[in-house]
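The structure file upload14.pdb is reproduced below (PDB, C-alpha atoms).
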MODEL        1
ATOM      1  CA  MET A  20       5.378  19.226   4.490
ATOM      2  CA  ILE A  21       3.808  21.888   2.247
ATOM      3  CA  GLN A  22       2.192  20.505  -0.850
ATOM      4  CA  ASN A  23       1.926  22.549  -4.019
ATOM      5  CA  SER A  24      -1.753  22.776  -4.938
ATOM      6  CA  SER A  25      -0.934  22.831  -8.647
ATOM      7  CA  GLU A  26       0.891  19.501  -8.501
ATOM      8  CA  GLN A  27       0.211  16.940 -11.181
ATOM      9  CA  LYS A  28      -1.503  13.794 -10.008
ATOM     10  CA  THR A  29       0.057  10.827 -11.732
ATOM     11  CA  PRO A  30      -1.971   7.804 -12.732
ATOM     12  CA  CYS A  31      -1.382   4.413 -11.191
ATOM     13  CA  SER A  32       2.089   3.170 -12.092
ATOM     14  CA  VAL A  33       3.678  -0.241 -11.823
ATOM     15  CA  ILE A  34       7.394  -0.121 -11.230
ATOM     16  CA  SER A  35       9.549  -3.204 -11.240
ATOM     17  CA  ALA A  36      12.747  -2.856  -9.267
ATOM     18  CA  PRO A  37      15.956  -4.811  -9.732
ATOM     19  CA  ALA A  38      16.878  -7.109  -6.868
ATOM     20  CA  ILE A  39      19.459  -4.875  -5.159
ATOM     21  CA  CYS A  40      20.022  -3.868  -1.537
ATOM     22  CA  CYS A  41      17.681  -6.627  -0.437
ATOM     23  CA  PRO A  42      18.066  -7.827   3.160
ATOM     24  CA  PHE A  43      17.650 -11.345   1.718
ATOM     25  CA  SER A  44      20.105 -10.847  -1.160
ATOM     26  CA  HIS A  45      22.042 -13.916  -0.046
ATOM     27  CA  PHE A  46      19.086 -15.954  -1.358
ATOM     28  CA  SER A  47      18.865 -16.388  -5.111
ATOM     29  CA  SER A  48      15.521 -16.104  -6.926
ATOM     30  CA  VAL A  49      15.632 -19.888  -7.324
ATOM     31  CA  GLN A  50      15.965 -20.310  -3.562
ATOM     32  CA  PHE A  51      12.978 -17.989  -2.946
ATOM     33  CA  TRP A  52      11.011 -19.949  -5.548
ATOM     34  CA  ALA A  53      12.049 -23.239  -3.957
ATOM     35  CA  MET A  54      10.859 -21.935  -0.571
ATOM     36  CA  GLY A  55       7.498 -21.067  -2.143
ATOM     37  CA  PHE A  56       8.059 -17.285  -2.109
ATOM     38  CA  ASP A  57       8.265 -14.802  -4.932
ATOM     39  CA  ALA A  58      11.567 -12.923  -4.684
ATOM     40  CA  GLN A  59       9.722  -9.658  -5.305
ATOM     41  CA  PHE A  60       6.769  -8.767  -3.145
ATOM     42  CA  HIS A  61       4.111  -6.533  -4.691
ATOM     43  CA  VAL A  62       3.177  -3.488  -2.614
ATOM     44  CA  LEU A  63       0.214  -1.189  -3.231
ATOM     45  CA  ALA A  64       1.289   2.283  -2.024
ATOM     46  CA  VAL A  65      -1.438   4.863  -1.358
ATOM     47  CA  ASP A  66      -0.716   8.550  -0.683
ATOM     48  CA  ASP A  67      -2.388  11.729  -1.935
ATOM     49  CA  SER A  68       0.878  13.705  -1.732
ATOM     50  CA  ILE A  69       2.950  13.234  -4.882
ATOM     51  CA  ILE A  70       6.133  13.988  -2.914
ATOM     52  CA  ASP A  71       5.420  11.374  -0.253
ATOM     53  CA  ARG A  72       4.174   8.901  -2.875
ATOM     54  CA  LYS A  73       7.409   9.224  -4.890
ATOM     55  CA  LEU A  74       9.478   8.865  -1.690
ATOM     56  CA  ILE A  75       7.744   5.666  -0.583
ATOM     57  CA  GLU A  76       7.957   4.278  -4.155
ATOM     58  CA  ARG A  77      11.712   4.904  -4.199
ATOM     59  CA  LEU A  78      12.236   3.345  -0.749
ATOM     60  CA  LEU A  79      10.189   0.278  -1.680
ATOM     61  CA  LYS A  80      12.022  -0.117  -4.996
ATOM     62  CA  THR A  81      15.382   0.165  -3.225
ATOM     63  CA  SER A  82      14.255  -2.701  -0.974
ATOM     64  CA  SER A  83      13.406  -4.778  -4.075
ATOM     65  CA  PHE A  84       9.645  -4.489  -3.811
ATOM     66  CA  GLN A  85       7.485  -4.210  -6.901
ATOM     67  CA  VAL A  86       5.287  -1.122  -6.460
ATOM     68  CA  THR A  87       1.914   0.041  -7.698
ATOM     69  CA  ALA A  88       1.250   3.609  -6.529
ATOM     70  CA  VAL A  89      -2.124   5.354  -6.421
ATOM     71  CA  ASP A  90      -3.174   8.736  -5.028
ATOM     72  CA  SER A  91      -6.370   7.864  -3.130
ATOM     73  CA  GLY A  92      -8.179   5.198  -1.156
ATOM     74  CA  ILE A  93     -10.827   5.012  -3.897
ATOM     75  CA  LYS A  94      -8.165   4.224  -6.517
ATOM     76  CA  ALA A  95      -6.674   1.611  -4.196
ATOM     77  CA  LEU A  96     -10.074  -0.073  -3.880
ATOM     78  CA  GLU A  97     -10.470   0.155  -7.659
ATOM     79  CA  PHE A  98      -7.138  -1.592  -8.155
ATOM     80  CA  LEU A  99      -8.124  -4.263  -5.628
ATOM     81  CA  GLY A 100     -11.472  -4.854  -7.346
ATOM     82  CA  LEU A 101     -13.700  -3.314  -4.642
ATOM     83  CA  ALA A 102     -14.457  -0.013  -6.397
ATOM     84  CA  GLU A 103     -17.958  -0.797  -7.616
ATOM     85  CA  ASN A 104     -19.236  -1.125  -4.060
ATOM     86  CA  GLU A 105     -17.378   1.992  -2.919
ATOM     87  CA  GLU A 106     -18.638   4.135  -5.812
ATOM     88  CA  ARG A 107     -22.192   3.017  -5.163
ATOM     89  CA  ASP A 108     -21.776   3.957  -1.496
ATOM     90  CA  LEU A 109     -20.367   7.399  -2.332
ATOM     91  CA  LYS A 110     -22.687   8.003  -5.308
ATOM     92  CA  CYS A 111     -19.714   9.625  -7.023
ATOM     93  CA  VAL A 112     -20.349  10.693 -10.586
ATOM     94  CA  CYS A 113     -17.398  12.125 -12.478
ATOM     95  CA  PRO A 114     -18.543  12.863 -16.065
ATOM     96  CA  ASP A 115     -15.096  13.984 -17.248
ATOM     97  CA  GLN A 116     -13.414  10.714 -16.244
ATOM     98  CA  HIS A 117     -13.828   7.303 -17.786
ATOM     99  CA  HIS A 118     -14.530   4.741 -15.102
ATOM    100  CA  HIS A 119     -12.823   1.564 -16.180
ATOM    101  CA  HIS A 120     -12.708  -0.941 -13.379
ATOM    102  CA  HIS A 121      -9.250  -2.430 -13.426
ATOM    103  CA  HIS A 122      -9.380  -5.488 -11.263
ATOM    104  CA  GLN A 123      -6.230  -6.653  -9.615
ATOM    105  CA  VAL A 124      -4.126  -8.439 -12.226
ATOM    106  CA  MET A 125      -1.349  -9.433  -9.847
ATOM    107  CA  GLU A 126      -1.366 -10.449  -6.235
ATOM    108  CA  VAL A 127      -0.808  -7.669  -3.714
ATOM    109  CA  ASN A 128       1.318  -8.802  -0.774
ATOM    110  CA  LEU A 129       1.185  -5.569   1.247
ATOM    111  CA  ILE A 130      -0.714  -2.275   1.276
ATOM    112  CA  ILE A 131       1.019   0.806   2.666
ATOM    113  CA  THR A 132      -1.199   3.860   3.004
ATOM    114  CA  ASP A 133      -1.095   7.393   4.327
ATOM    115  CA  TYR A 134      -3.519   8.030   7.183
ATOM    116  CA  SER A 135      -4.635  11.572   6.255
ATOM    117  CA  MET A 136      -6.111  11.734   2.753
ATOM    118  CA  PRO A 137      -9.155  13.580   1.420
ATOM    119  CA  GLY A 138     -12.272  11.556   0.666
ATOM    120  CA  MET A 139     -11.196   8.310   2.281
ATOM    121  CA  THR A 140      -8.628   8.180   5.076
ATOM    122  CA  GLY A 141      -6.075   5.417   5.411
ATOM    123  CA  PHE A 142      -8.084   4.202   8.404
ATOM    124  CA  ASP A 143     -11.226   3.965   6.227
ATOM    125  CA  LEU A 144      -9.236   2.024   3.615
ATOM    126  CA  LEU A 145      -7.895  -0.311   6.312
ATOM    127  CA  ARG A 146     -11.442  -1.051   7.511
ATOM    128  CA  LYS A 147     -12.713  -1.722   3.958
ATOM    129  CA  ILE A 148      -9.845  -4.151   3.348
ATOM    130  CA  LYS A 149     -10.311  -5.952   6.667
ATOM    131  CA  GLU A 150     -14.090  -6.225   6.018
ATOM    132  CA  SER A 151     -13.468  -7.871   2.641
ATOM    133  CA  GLU A 152     -13.449 -11.669   2.705
ATOM    134  CA  SER A 153     -11.015 -11.831  -0.226
ATOM    135  CA  LEU A 154      -8.604  -9.108   0.960
ATOM    136  CA  LYS A 155      -8.650  -9.295   4.764
ATOM    137  CA  ASP A 156      -5.403 -11.279   4.951
ATOM    138  CA  ILE A 157      -3.336  -8.667   3.086
ATOM    139  CA  PRO A 158      -1.167  -6.846   5.629
ATOM    140  CA  VAL A 159      -1.851  -3.091   5.802
ATOM    141  CA  VAL A 160       0.726  -0.568   7.025
ATOM    142  CA  ILE A 161      -0.420   2.958   7.918
ATOM    143  CA  MET A 162       1.896   5.996   7.620
ATOM    144  CA  SER A 163       1.420   9.409   9.204
ATOM    145  CA  SER A 164       3.433  12.522   9.956
ATOM    146  CA  GLU A 165       1.396  12.980  13.156
ATOM    147  CA  ASN A 166       2.387  10.998  16.231
ATOM    148  CA  ILE A 167      -1.040  10.638  17.871
ATOM    149  CA  PRO A 168      -1.084   7.592  20.198
ATOM    150  CA  SER A 169      -4.881   7.162  20.105
ATOM    151  CA  ARG A 170      -4.794   7.140  16.269
ATOM    152  CA  ILE A 171      -1.923   4.651  16.220
ATOM    153  CA  ASN A 172      -3.685   2.350  18.708
ATOM    154  CA  ARG A 173      -6.975   2.555  16.819
ATOM    155  CA  CYS A 174      -5.267   1.522  13.561
ATOM    156  CA  LEU A 175      -3.432  -1.366  15.214
ATOM    157  CA  GLU A 176      -6.639  -2.527  16.933
ATOM    158  CA  GLU A 177      -8.461  -2.531  13.564
ATOM    159  CA  GLY A 178      -5.830  -4.837  12.083
ATOM    160  CA  ALA A 179      -2.968  -2.668  10.785
ATOM    161  CA  GLU A 180       0.262  -4.642  10.652
ATOM    162  CA  GLU A 181       2.362  -1.596  11.492
ATOM    163  CA  PHE A 182       2.117   2.179  11.946
ATOM    164  CA  LEU A 183       5.060   4.155  10.528
ATOM    165  CA  LEU A 184       5.827   7.785  11.285
ATOM    166  CA  LYS A 185       6.798   9.986   8.347
ATOM    167  CA  PRO A 186       9.241  10.612   6.963
ATOM    168  CA  VAL A 187       9.490   6.863   6.349
ATOM    169  CA  GLN A 188      13.081   5.635   6.324
ATOM    170  CA  LEU A 189      14.714   2.798   4.401
ATOM    171  CA  SER A 190      15.208   0.973   7.725
ATOM    172  CA  ASP A 191      11.387   1.038   8.235
ATOM    173  CA  VAL A 192      10.808  -0.483   4.808
ATOM    174  CA  ASP A 193      13.525  -3.118   5.288
ATOM    175  CA  LYS A 194      11.711  -4.349   8.419
ATOM    176  CA  LEU A 195       8.608  -5.185   6.355
ATOM    177  CA  LYS A 196      10.114  -8.013   4.275
ATOM    178  CA  PRO A 197      10.802 -10.408   7.197
ATOM    179  CA  ARG A 198       7.197  -9.829   8.324
ATOM    180  CA  LEU A 199       5.956 -10.708   4.845
ATOM    181  CA  LEU A 200       8.066 -13.867   4.857
ATOM    182  CA  ARG A 201       6.617 -14.808   8.260
ATOM    183  CA  ASN A 202       3.091 -14.181   6.976
ATOM    184  CA  TYR A 203       3.713 -16.469   3.988
ATOM    185  CA  ALA A 204       5.257 -19.156   6.176
ATOM    186  CA  SER A 205       2.090 -19.215   8.299
ATOM    187  CA  VAL A 206      -0.298 -19.526   5.324
TER
ENDMDL
END
Representation of the structure as structure tokens:
Amino acid sequence: MIQNSSEQKTPCSVISAPAICCPFSHFSSVQFWAMGFDAQFHVLAVDDSIIDRKLIERLLKTSSFQVTAVDSGIKALEFLGLAENEERDLKCVCPDQHHHHHHQVMEVNLIITDYSMPGMTGFDLLRKIKESESLKDIPVVIMSSENIPSRINRCLEEGAEEFLLKPVQLSDVDKLKPRLLRNYASV
């Protein structure tokens, strides 16, 4: 997919979706609560392409996920509260931007990230998350438009929950919720 170089990068956005088209719509919110689950899972979506980011946001919202979308691995780490360490490692100084460290204010149940991004790849982000004592149990799903078996295997071996080929379909996203429910049942 060709990306317009003059595209606007949007800041992190939190989008709350109504509970529609949910594969578990036969459960009421009260039943999810009674089972110990939140009816809306919170997904952190990471993709440098605004087109792909908007697509994954829309698919996740349609599946009744709550979505926070960011355009880089660094911003994902910032949102998760790991940015200070990452910035120190990269020695990144951006005088025109205000660095406010926004620590995670709500629990993230799943991270879905593009593999190929400038600065920090989705694989690098996966490794940082799995190395973190506080975040290692959050499932990470990697997306890529390139079907490279060695890349897919490497991601799965490093702890990725799933590897999705782009363009991601609604059926791919719908398969994630039962996995999240299983993960919560085992906690």
Query raised in the report: With only C-alpha atoms as the basis for distance, which of A:Leu78, A:Ile157, A:Phe142, A:Pro186 is at the shortest distance from Asn172 in chain A?
Result: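 Closest to Asn172 in chain A of all the choices is A:Phe142.
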Output of the PyMOL selection byres ((chain A and resi 155) around 12), listed as a short mmCIF file (atom, residue, chain, number, x, y, z; two decimals) with C-alpha atoms, in the frame of the given file:
data_model
loop_
_atom_site.label_atom_id
_atom_site.label_comp_id
_atom_site.auth_asym_id
_atom_site.auth_seq_id
_atom_site.Cartn_x
_atom_site.Cartn_y
_atom_site.Cartn_z
CA LEU A 99 -8.12 -4.26 -5.63
CA VAL A 127 -0.81 -7.67 -3.71
CA ASN A 128 1.32 -8.80 -0.77
CA LEU A 129 1.18 -5.57 1.25
CA ILE A 130 -0.71 -2.28 1.28
CA LEU A 144 -9.24 2.02 3.62
CA LEU A 145 -7.90 -0.31 6.31
CA ARG A 146 -11.44 -1.05 7.51
CA LYS A 147 -12.71 -1.72 3.96
CA ILE A 148 -9.85 -4.15 3.35
CA LYS A 149 -10.31 -5.95 6.67
CA GLU A 150 -14.09 -6.22 6.02
CA SER A 151 -13.47 -7.87 2.64
CA GLU A 152 -13.45 -11.67 2.70
CA SER A 153 -11.02 -11.83 -0.23
CA LEU A 154 -8.60 -9.11 0.96
CA ASP A 156 -5.40 -11.28 4.95
CA ILE A 157 -3.34 -8.67 3.09
CA PRO A 158 -1.17 -6.85 5.63
CA VAL A 159 -1.85 -3.09 5.80
CA GLU A 177 -8.46 -2.53 13.56
CA GLY A 178 -5.83 -4.84 12.08
CA ALA A 179 -2.97 -2.67 10.78
CA GLU A 180 0.26 -4.64 10.65
#
Query - d(CA of Thr132 in chain A, CA of Pro197 in chain A) in Å - result: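 CA of Pro197 in chain A lies at a distance of 19.1 Å from CA of Thr132 in chain A.
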Report task. Would you list the residues near (4.0, -1.1, 1.6) (no more than 10 Å away, in the coordinates of the file, using all atoms listed in the file) as a list of chain:residue names? Result -> A:Phe60, A:His61, A:Val62, A:Leu63, A:Ala64, A:Val65, A:Ile75, A:Glu76, A:Leu78, A:Leu79, A:Phe84, A:Gln85, A:Val86, A:Thr87, A:Ala88, A:Val127, A:Asn128, A:Leu129, A:Ile130, A:Ile131, A:Thr132, A:Pro158, A:Val159, A:Val160, A:Ile161, A:Met162, A:Val192, A:Leu195, A:Lys196
**Report entry** Shortest interatomic distance to Ser82 in chain A - which of A:Glu165, A:Leu96, A:Gln59, A:Cys174, counting all atoms listed in the file
**Finding:** A:Gln59
Requested in this report: Just give me the gap between CA of Ala102 in chain A and CA of Ile70 in chain A in Å, one decimal is fine.
Outcome: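 Taking CA of Ala102 in chain A and CA of Ile70 in chain A, their separation equals 25.1 Å.
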Query - Interatomic distance, CA of Ser91 in chain A to CA of Tyr134 in chain A (Å, one decimal) - result: 10.7 Å
Requested in this report: Determine the nearest neighbour of Ile69 in chain A from the options A:Asp193, A:Glu176, A:Val89, A:Glu97, counting all atoms listed in the file.
Outcome: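 Counting all atoms listed in the file, the residue closest to Ile69 in chain A is A:Val89.
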Query - Which of A:Ile93, A:Leu183, A:Leu200, A:Met139 sits closest to Arg170 in chain A [using only C-alpha atoms] - result: A:Leu183
Report task. Using all atoms listed in the file, find the one residue out of A:Leu101, A:Val187, A:Leu199, A:Leu175 that sits nearest to Arg72 in chain A. Result ->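 Going through A:Leu101, A:Val187, A:Leu199, A:Leu175 one by one, the smallest distance to Arg72 in chain A is for A:Val187.
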